[in-house]
$ cat upload37.cif   # mmCIF, C-alpha atoms
data_my_file
#
loop_
_atom_site.label_atom_id
_atom_site.label_comp_id
_atom_site.auth_asym_id
_atom_site.auth_seq_id
_atom_site.Cartn_x
_atom_site.Cartn_y
_atom_site.Cartn_z
CA MET A 1 63.20 36.84 4.76
CA THR A 2 61.59 35.10 1.89
CA PRO A 3 57.90 34.57 2.65
CA THR A 4 56.82 30.96 2.75
CA HIS A 5 53.74 29.94 0.89
CA GLU A 6 51.52 27.26 2.33
CA PRO A 7 50.30 24.75 -0.27
CA PRO A 8 46.65 25.30 -1.12
CA GLN A 9 44.33 23.05 0.83
CA ARG A 10 42.36 20.57 -1.17
CA VAL A 11 38.67 21.41 -1.09
CA GLN A 12 36.65 18.50 0.22
CA LYS A 13 33.37 17.72 -1.44
CA THR A 14 30.41 15.72 -0.29
CA GLN A 15 30.57 12.23 -1.79
CA TRP A 16 26.89 11.89 -2.58
CA HIS A 17 27.17 8.29 -3.73
CA ARG A 18 28.51 7.38 -0.27
CA LEU A 19 25.40 8.86 1.35
CA LEU A 20 23.11 7.04 -1.09
CA GLY A 21 25.13 3.86 -0.56
CA LYS A 22 24.75 4.04 3.22
CA HIS A 23 21.05 4.87 2.84
CA LEU A 24 20.54 1.75 0.70
CA GLU A 25 22.77 -0.39 2.92
CA LEU A 26 20.68 0.34 6.02
CA LEU A 27 17.46 -0.14 4.08
CA LEU A 28 18.23 -3.29 2.09
CA THR A 29 20.70 -5.34 4.16
CA PRO A 30 17.98 -6.61 6.55
CA VAL A 31 15.98 -8.00 3.60
CA GLY A 32 18.79 -10.03 2.04
CA ILE A 33 20.44 -7.54 -0.33
CA THR A 34 24.13 -6.82 0.23
CA VAL A 35 25.04 -3.19 -0.50
CA GLN A 36 28.65 -2.17 -1.13
CA THR A 37 29.93 1.34 -1.78
CA GLU A 38 32.84 1.73 -4.20
CA PRO A 39 33.52 -1.98 -4.75
CA GLN A 40 36.33 -2.68 -7.21
CA VAL A 41 35.07 -4.10 -10.47
CA MET A 42 38.41 -5.88 -11.07
CA SER A 43 41.63 -6.61 -9.17
CA GLU A 44 42.68 -2.96 -9.56
CA PRO A 45 40.58 0.23 -9.84
CA PRO A 46 38.22 1.49 -11.31
CA LYS A 47 35.45 1.32 -8.72
CA VAL A 48 31.73 1.57 -9.38
CA ASP A 49 29.70 3.76 -7.01
CA ILE A 50 27.30 1.20 -5.50
CA LEU A 51 26.69 -2.54 -5.80
CA LEU A 52 23.41 -4.24 -4.82
CA LEU A 53 23.87 -7.99 -4.47
CA ARG A 54 20.91 -10.32 -3.98
CA ARG A 55 22.17 -12.91 -1.51
CA GLU A 56 19.61 -15.66 -2.14
CA GLY A 57 17.18 -16.78 -4.80
CA THR A 58 16.81 -15.95 -8.48
CA ALA A 59 14.24 -13.16 -8.13
CA TRP A 60 13.47 -10.28 -5.78
CA THR A 61 11.22 -11.21 -2.89
CA PRO A 62 8.04 -9.18 -2.26
CA ILE A 63 9.66 -7.29 0.64
CA GLN A 64 12.76 -6.54 -1.46
CA THR A 65 10.58 -5.30 -4.31
CA SER A 66 8.75 -2.97 -1.91
CA LEU A 67 12.05 -1.22 -1.14
CA LEU A 68 13.53 -1.02 -4.65
CA PRO A 69 12.72 1.77 -7.14
CA ASP A 70 11.19 1.41 -10.58
CA GLY A 71 13.68 0.08 -13.09
CA ILE A 72 15.66 -1.91 -10.55
CA ARG A 73 12.66 -3.77 -9.11
CA GLN A 74 11.77 -5.01 -12.62
CA SER A 75 15.31 -6.31 -13.26
CA GLN A 76 15.95 -10.05 -12.99
CA ALA A 77 19.68 -9.58 -12.38
CA GLY A 78 21.09 -10.41 -8.96
CA HIS A 79 24.09 -8.06 -9.34
CA ILE A 80 23.03 -4.41 -9.73
CA LEU A 81 25.70 -1.76 -10.40
CA LEU A 82 24.74 1.87 -9.76
CA GLU A 83 26.62 4.89 -11.06
CA PHE A 84 25.13 7.87 -9.20
CA LYS A 85 25.32 11.51 -10.29
CA PHE A 86 24.01 14.16 -7.93
CA THR A 87 25.65 17.48 -8.81
CA GLU A 88 27.54 16.23 -11.86
CA SER A 89 25.97 16.02 -15.29
CA VAL A 90 25.44 12.77 -17.14
CA ASN A 91 27.57 12.91 -20.29
CA GLY A 92 29.45 10.70 -22.74
CA GLN A 93 32.27 10.02 -20.29
CA VAL A 94 29.77 8.66 -17.77
CA MET A 95 28.30 6.36 -20.43
CA GLN A 96 31.76 5.02 -21.29
CA GLN A 97 32.59 4.44 -17.62
CA VAL A 98 29.41 2.45 -16.98
CA ILE A 99 29.94 0.29 -20.06
CA GLY A 100 33.44 -0.47 -18.76
CA TYR A 101 32.24 -1.19 -15.22
CA ASP A 102 29.57 -3.54 -16.54
CA TYR A 103 32.02 -5.51 -18.70
CA PHE A 104 34.91 -5.73 -16.24
CA TYR A 105 32.65 -6.66 -13.32
CA ARG A 106 31.23 -9.60 -15.26
CA GLN A 107 34.73 -10.71 -16.22
CA ALA A 108 36.16 -10.38 -12.69
CA GLN A 109 33.21 -12.05 -10.96
CA GLN A 110 32.72 -14.65 -13.70
CA VAL A 111 28.97 -14.20 -13.81
CA ALA A 112 26.66 -14.40 -16.80
CA ALA A 113 25.64 -11.22 -18.57
CA ALA A 114 21.99 -11.86 -17.69
CA ASP A 115 22.79 -11.77 -13.97
CA VAL A 116 24.43 -8.32 -14.05
CA GLN A 117 22.74 -5.04 -14.86
CA SER A 118 24.14 -1.55 -14.59
CA PHE A 119 22.12 1.61 -14.04
CA ILE A 120 22.93 5.28 -14.36
CA VAL A 121 21.13 7.11 -11.55
CA SER A 122 20.85 10.87 -11.98
CA SER A 123 19.29 13.32 -9.55
CA ARG A 124 18.28 15.56 -12.44
CA LYS A 125 17.29 15.00 -16.04
CA PRO A 126 20.28 15.07 -18.43
CA ARG A 127 20.30 17.62 -21.20
CA SER A 128 18.17 16.84 -24.23
CA HIS A 129 21.12 16.65 -26.62
CA VAL A 130 22.80 14.05 -24.37
CA LEU A 131 19.68 11.88 -24.35
CA LEU A 132 19.38 12.23 -28.12
CA THR A 133 23.06 11.53 -28.81
CA TYR A 134 23.06 8.31 -26.79
CA GLY A 135 19.62 7.15 -27.85
CA TYR A 136 17.83 7.40 -24.51
CA ARG A 137 14.04 7.63 -24.69
CA PRO A 138 11.33 7.54 -22.00
CA SER A 139 9.95 4.11 -21.12
CA SER A 140 6.49 3.17 -19.86
CA TYR A 141 7.70 3.99 -16.32
CA PRO A 142 8.09 7.72 -15.50
CA GLY A 143 11.72 8.64 -14.96
CA ILE A 144 13.10 5.45 -16.56
CA TYR A 145 14.90 5.84 -19.88
CA HIS A 146 16.14 3.09 -22.21
CA SER A 147 18.66 3.48 -25.01
CA ALA A 148 18.45 2.21 -28.57
CA ASN A 149 22.26 2.31 -28.74
CA PRO A 150 23.52 -1.32 -28.90
CA LEU A 151 26.20 -0.59 -26.29
CA LEU A 152 23.73 1.01 -23.86
CA HIS A 153 20.49 -0.87 -24.46
CA SER A 154 20.94 -2.90 -21.25
CA ILE A 155 21.92 0.13 -19.14
CA PRO A 156 18.81 2.08 -18.10
CA LEU A 157 18.89 5.67 -16.92
CA LEU A 158 16.94 6.54 -13.74
CA VAL A 159 16.03 10.23 -13.31
CA LEU A 160 15.07 10.75 -9.66
CA ASN A 161 13.19 14.00 -10.26
CA GLU A 162 10.79 12.19 -12.61
CA LEU A 163 10.07 8.88 -10.86
CA ALA A 164 6.42 8.19 -10.03
CA LEU A 165 5.09 9.21 -6.63
CA ALA A 166 5.24 5.90 -4.72
CA GLN A 167 6.76 4.69 -1.48
CA HIS A 168 9.12 2.25 -3.22
CA ASN A 169 10.54 5.20 -5.22
CA ALA A 170 10.63 7.59 -2.26
CA PHE A 171 13.61 5.84 -0.65
CA ILE A 172 15.89 6.83 -3.52
CA GLN A 173 14.10 10.12 -4.29
CA CYS A 174 15.48 11.48 -1.00
CA PHE A 175 18.46 12.24 -3.27
CA ALA A 176 16.57 14.04 -6.05
CA SER A 177 17.98 17.43 -6.99
CA GLN A 178 14.66 19.29 -6.72
CA ARG A 179 13.77 20.28 -3.17
CA ARG A 180 10.07 19.72 -3.88
CA ILE A 181 10.71 16.09 -4.87
CA ARG A 182 12.94 15.44 -1.85
CA GLU A 183 10.42 16.88 0.59
CA GLN A 184 7.64 14.89 -1.08
CA ALA A 185 9.71 11.72 -0.62
CA PHE A 186 10.51 12.51 3.02
CA ARG A 187 6.84 13.12 3.80
CA LEU A 188 5.81 9.88 2.13
CA LEU A 189 8.37 7.83 4.05
CA ALA A 190 7.48 9.51 7.35
CA GLN A 191 4.01 7.96 6.99
CA MET A 192 5.24 4.40 6.45
CA ASP A 193 5.16 1.56 8.95
CA TRP A 194 8.56 2.01 10.55
CA GLN A 195 8.45 -1.44 12.11
CA THR A 196 9.40 -2.81 8.68
CA VAL A 197 12.85 -1.16 8.73
CA SER A 198 15.70 -1.10 11.23
CA ASP A 199 16.15 1.46 14.00
CA THR A 200 19.51 2.38 12.43
CA PHE A 201 17.78 3.29 9.17
CA TRP A 202 15.37 5.44 11.16
CA ASP A 203 18.32 7.40 12.61
CA PHE A 204 19.96 7.80 9.20
CA PHE A 205 16.67 8.86 7.58
CA THR A 206 16.08 11.46 10.32
CA GLY A 207 19.60 12.82 9.92
CA LEU A 208 19.32 12.85 6.14
CA ARG A 209 16.02 14.73 6.24
CA THR A 210 17.50 17.27 8.64
CA THR A 211 20.78 17.89 6.83
CA MET A 212 19.18 18.12 3.38
CA THR A 213 16.55 20.66 4.38
CA VAL A 214 18.43 22.98 6.76
CA LYS A 215 19.34 26.52 5.69
CA GLY A 216 22.61 26.56 3.76
CA VAL A 217 22.24 23.14 2.21
CA ALA A 218 20.67 24.21 -1.07
CA MET A 219 21.17 21.24 -3.36
CA ASP A 220 18.95 22.80 -6.03
CA ASN A 221 21.72 25.31 -6.70
CA GLU A 222 24.55 22.83 -6.08
CA ILE A 223 25.59 24.79 -2.95
CA VAL A 224 26.47 22.77 0.12
CA SER A 225 27.76 24.55 3.20
CA LYS A 226 29.61 21.57 4.67
CA VAL A 227 30.90 18.17 3.72
CA LEU A 228 28.34 15.50 4.54
CA THR A 229 29.44 11.97 5.38
CA PRO A 230 27.37 8.93 6.43
CA GLU A 231 28.81 9.36 9.93
CA VAL A 232 27.73 13.02 10.14
CA VAL A 233 24.23 12.19 8.91
CA MET A 234 23.86 9.30 11.37
CA GLU A 235 24.98 11.38 14.34
CA THR A 236 22.62 14.19 13.32
CA GLY A 237 19.73 11.72 13.32
CA LYS A 238 20.59 10.44 16.78
CA GLN A 239 20.79 13.97 18.17
CA MET A 240 17.46 14.88 16.57
CA ARG A 241 15.81 11.88 18.19
CA LYS A 242 17.17 12.84 21.61
CA ALA A 243 16.06 16.45 21.12
CA LEU A 244 12.55 15.30 20.18
CA LEU A 245 12.24 13.16 23.28
CA ALA A 246 13.65 15.92 25.48
CA ASN A 247 10.85 18.27 24.41
CA LEU A 248 8.02 15.83 25.13
CA THR A 249 6.08 16.00 28.37
CA PRO A 250 5.95 12.85 30.54
CA GLN A 251 2.33 12.38 29.53
CA GLU A 252 3.18 12.60 25.82
CA ILE A 253 5.96 10.05 26.28
CA GLN A 254 3.52 7.71 28.04
CA GLN A 255 1.09 8.04 25.14
CA LEU A 256 3.81 7.23 22.62
CA LEU A 257 4.96 4.23 24.62
CA ALA A 258 1.43 2.89 24.75
CA SER A 259 0.47 3.56 21.13
CA ASN A 260 3.50 2.56 19.07
CA GLU A 261 5.77 -0.45 19.67
CA HIS A 262 8.51 0.92 17.39
CA ILE A 263 8.64 4.26 19.19
CA ARG A 264 8.59 2.42 22.52
CA LYS A 265 11.77 0.59 21.52
CA GLN A 266 13.33 3.86 20.37
CA VAL A 267 12.59 5.57 23.69
CA LEU A 268 13.82 2.64 25.78
CA ALA A 269 17.03 2.42 23.76
CA SER A 270 17.88 6.11 23.98
CA THR A 271 16.90 7.05 27.55
CA SER A 272 17.85 5.90 31.02
CA PRO A 273 15.24 4.56 33.50
CA GLU A 274 15.52 7.81 35.47
CA GLU A 275 14.83 9.91 32.37
CA ARG A 276 11.78 7.83 31.49
CA LEU A 277 10.28 8.32 34.98
CA ALA A 278 11.17 12.01 35.37
CA GLY A 279 8.05 14.14 35.93
CA ILE A 280 5.68 11.19 36.28
CA PRO A 281 3.78 11.17 39.63
CA PRO A 282 4.56 8.16 41.89
CA GLU A 283 1.01 6.83 41.64
CA GLU A 284 1.26 6.76 37.82
CA ARG A 285 4.64 5.02 37.97
CA LEU A 286 3.01 2.20 39.98
CA ALA A 287 -0.08 1.97 37.78
CA GLY A 288 -0.58 -1.56 36.48
CA ILE A 289 1.89 -3.17 38.90
#
$ encode --input "upload37.cif" --output "structure tokens"
Amino acid sequence: MTPTHEPPQRVQKTQWHRLLGKHLELLLTPVGITVQTEPQVMSEPPKVDILLLRREGTAWTPIQTSLLPDGIRQSQAGHILLEFKFTESVNGQVMQQVIGYDYFYRQAQQVAAADVQSFIVSSRKPRSHVLLTYGYRPSSYPGIYHSANPLLHSIPLLVLNELALAQHNAFIQCFASQRRIREQAFRLLAQMDWQTVSDTFWDFFTGLRTTMTVKGVAMDNEIVSKVLTPEVVMETGKQMRKALLANLTPQEIQQLLASNEHIRKQVLASTSPEERLAGIPPEERLAGI
């Protein structure tokens, strides 16, 4: 018998721009910024990675500015196109793609050039010869590069590993290539007032922090042990929250409920009445009634 050969299976890869897109969607949608992942820039492909669309007004509001990174928060445009590179290198082909996205988006949406700005977002710093070839030089903001090339002068380059240490940069620095920068960003965000963001973002952030720091997910070396999707990250965050609550004593849960309104909502949303009362003496259950 002639042996049959199974066709090689296509290797799936983590679509990092989808994770960043979901991260920004959960963060920015509540403050009036629409976030779309892979929107078409014309009636047919190509598709840009991420679109940020300011729904109202002609300038970012203070709360929007507090959630947007350097470079983007200074832009006056209401349509922000992001081309994100995590494991891939920024090269000439990327530059050509972004120029095309920028032009065709403006044509398809019939918006003025001043109201559209495209950004190249790179987890790591591009090679020196690439920056030199395309005229990119550091700006007054760390990690933000501007080009002297006439075709690229309105398309800044954001290098996540080099952005300044600040909470408004930490949201996007969760996707930096250097582990040290990612962990620094996670720690900074863990200290923020979580009542300013949605519970869904909290779950996604928890899942993202877990999946990007566990053994086997070594982004520094471009080695990822499994395909990550927004759905996988979200579910991981929910499970982590349940595991955290399961390991708390009844007294610790009571303290959390009393001290933090956001955590109180989290506990009430994720546990049944029986689970909340388990282990609490009857006299304490009736306290205050």
$ closest_residue --input "upload37.cif" --among "A:Gln64, A:Ala164, A:Gly135, A:Leu188" --to "Pro150 of chain A" --atoms "only C-alpha atoms"
A:Gly135
$ residues_around --input "upload37.cif" --residues "Arg187 of chain A" --least-positions-apart "2" --cutoff "12 Å" --atoms "only C-alpha atoms" --output "compact mmCIF listing (two decimals) with C-alpha atoms, in the frame of the given file"
# COMPACT_ATOMS: atom_id res chain seq x y z
CA LEU A 165 5.09 9.21 -6.63
CA ALA A 166 5.24 5.90 -4.72
CA GLN A 167 6.76 4.69 -1.48
CA ALA A 170 10.63 7.59 -2.26
CA PHE A 171 13.61 5.84 -0.65
CA GLN A 173 14.10 10.12 -4.29
CA CYS A 174 15.48 11.48 -1.00
CA ARG A 180 10.07 19.72 -3.88
CA ILE A 181 10.71 16.09 -4.87
CA ARG A 182 12.94 15.44 -1.85
CA GLU A 183 10.42 16.88 0.59
CA GLN A 184 7.64 14.89 -1.08
CA ALA A 185 9.71 11.72 -0.62
CA LEU A 189 8.37 7.83 4.05
CA ALA A 190 7.48 9.51 7.35
CA GLN A 191 4.01 7.96 6.99
CA MET A 192 5.24 4.40 6.45
CA PHE A 205 16.67 8.86 7.58
CA THR A 206 16.08 11.46 10.32
CA ARG A 209 16.02 14.73 6.24
$ closest_residue --input "upload37.cif" --among "A:Asp203, A:Thr211, A:Leu131, A:Phe104" --to "Lys242 of chain A" --atoms "only C-alpha atoms"
A:Asp203
$ atom_distance --input "upload37.cif" --atom1 "atom CA of Ser66 of chain A" --atom2 "atom CA of Val197 of chain A"
11.5 Å
$ atom_distance --input "upload37.cif" --atom1 "atom CA of Gly78 of chain A" --atom2 "atom CA of Ser147 of chain A"
21.4 Å
$ build_atoms --input "upload37.cif" --residues "segment 48-67 of chain A" --atoms "N, CA and C atoms" --output "short mmCIF file (atom, residue, chain, number, x, y, z; two decimals), in the frame of the given file"
data_model
loop_
_atom_site.label_atom_id
_atom_site.label_comp_id
_atom_site.auth_asym_id
_atom_site.auth_seq_id
_atom_site.Cartn_x
_atom_site.Cartn_y
_atom_site.Cartn_z
N VAL A 48 33.08 1.08 -9.11
CA VAL A 48 31.73 1.57 -9.38
C VAL A 48 31.19 2.17 -8.09
N ASP A 49 30.20 3.06 -8.19
CA ASP A 49 29.70 3.76 -7.01
C ASP A 49 29.07 2.81 -5.99
N ILE A 50 28.06 2.03 -6.43
CA ILE A 50 27.30 1.20 -5.50
C ILE A 50 26.98 -0.14 -6.16
N LEU A 51 27.06 -1.21 -5.36
CA LEU A 51 26.69 -2.54 -5.80
C LEU A 51 25.57 -3.07 -4.91
N LEU A 52 24.47 -3.53 -5.53
CA LEU A 52 23.41 -4.24 -4.82
C LEU A 52 23.52 -5.70 -5.20
N LEU A 53 23.65 -6.57 -4.20
CA LEU A 53 23.87 -7.99 -4.47
C LEU A 53 22.80 -8.82 -3.77
N ARG A 54 21.94 -9.46 -4.55
CA ARG A 54 20.91 -10.32 -3.98
C ARG A 54 21.57 -11.59 -3.44
N ARG A 55 21.43 -11.83 -2.14
CA ARG A 55 22.17 -12.91 -1.51
C ARG A 55 21.57 -14.28 -1.78
N GLU A 56 20.26 -14.37 -1.94
CA GLU A 56 19.61 -15.66 -2.14
C GLU A 56 18.55 -15.57 -3.22
N GLY A 57 18.27 -16.71 -3.85
CA GLY A 57 17.18 -16.78 -4.80
C GLY A 57 17.54 -16.24 -6.18
N THR A 58 16.61 -16.41 -7.10
CA THR A 58 16.81 -15.95 -8.48
C THR A 58 15.89 -14.80 -8.86
N ALA A 59 15.14 -14.30 -7.88
CA ALA A 59 14.24 -13.16 -8.13
C ALA A 59 14.08 -12.38 -6.84
N TRP A 60 13.70 -11.10 -6.97
CA TRP A 60 13.47 -10.28 -5.78
C TRP A 60 12.26 -10.82 -5.03
N THR A 61 12.36 -10.82 -3.71
CA THR A 61 11.22 -11.21 -2.89
C THR A 61 10.24 -10.04 -2.81
N PRO A 62 9.00 -10.28 -2.37
CA PRO A 62 8.04 -9.18 -2.26
C PRO A 62 8.54 -8.05 -1.37
N ILE A 63 9.19 -8.36 -0.24
CA ILE A 63 9.66 -7.29 0.64
C ILE A 63 10.82 -6.53 0.01
N GLN A 64 11.68 -7.23 -0.75
CA GLN A 64 12.76 -6.54 -1.46
C GLN A 64 12.19 -5.61 -2.53
N THR A 65 11.21 -6.10 -3.26
CA THR A 65 10.58 -5.30 -4.31
C THR A 65 9.94 -4.04 -3.73
N SER A 66 9.40 -4.13 -2.52
CA SER A 66 8.75 -2.97 -1.91
C SER A 66 9.73 -1.87 -1.54
N LEU A 67 11.03 -2.19 -1.53
CA LEU A 67 12.05 -1.22 -1.14
C LEU A 67 12.90 -0.76 -2.31
#
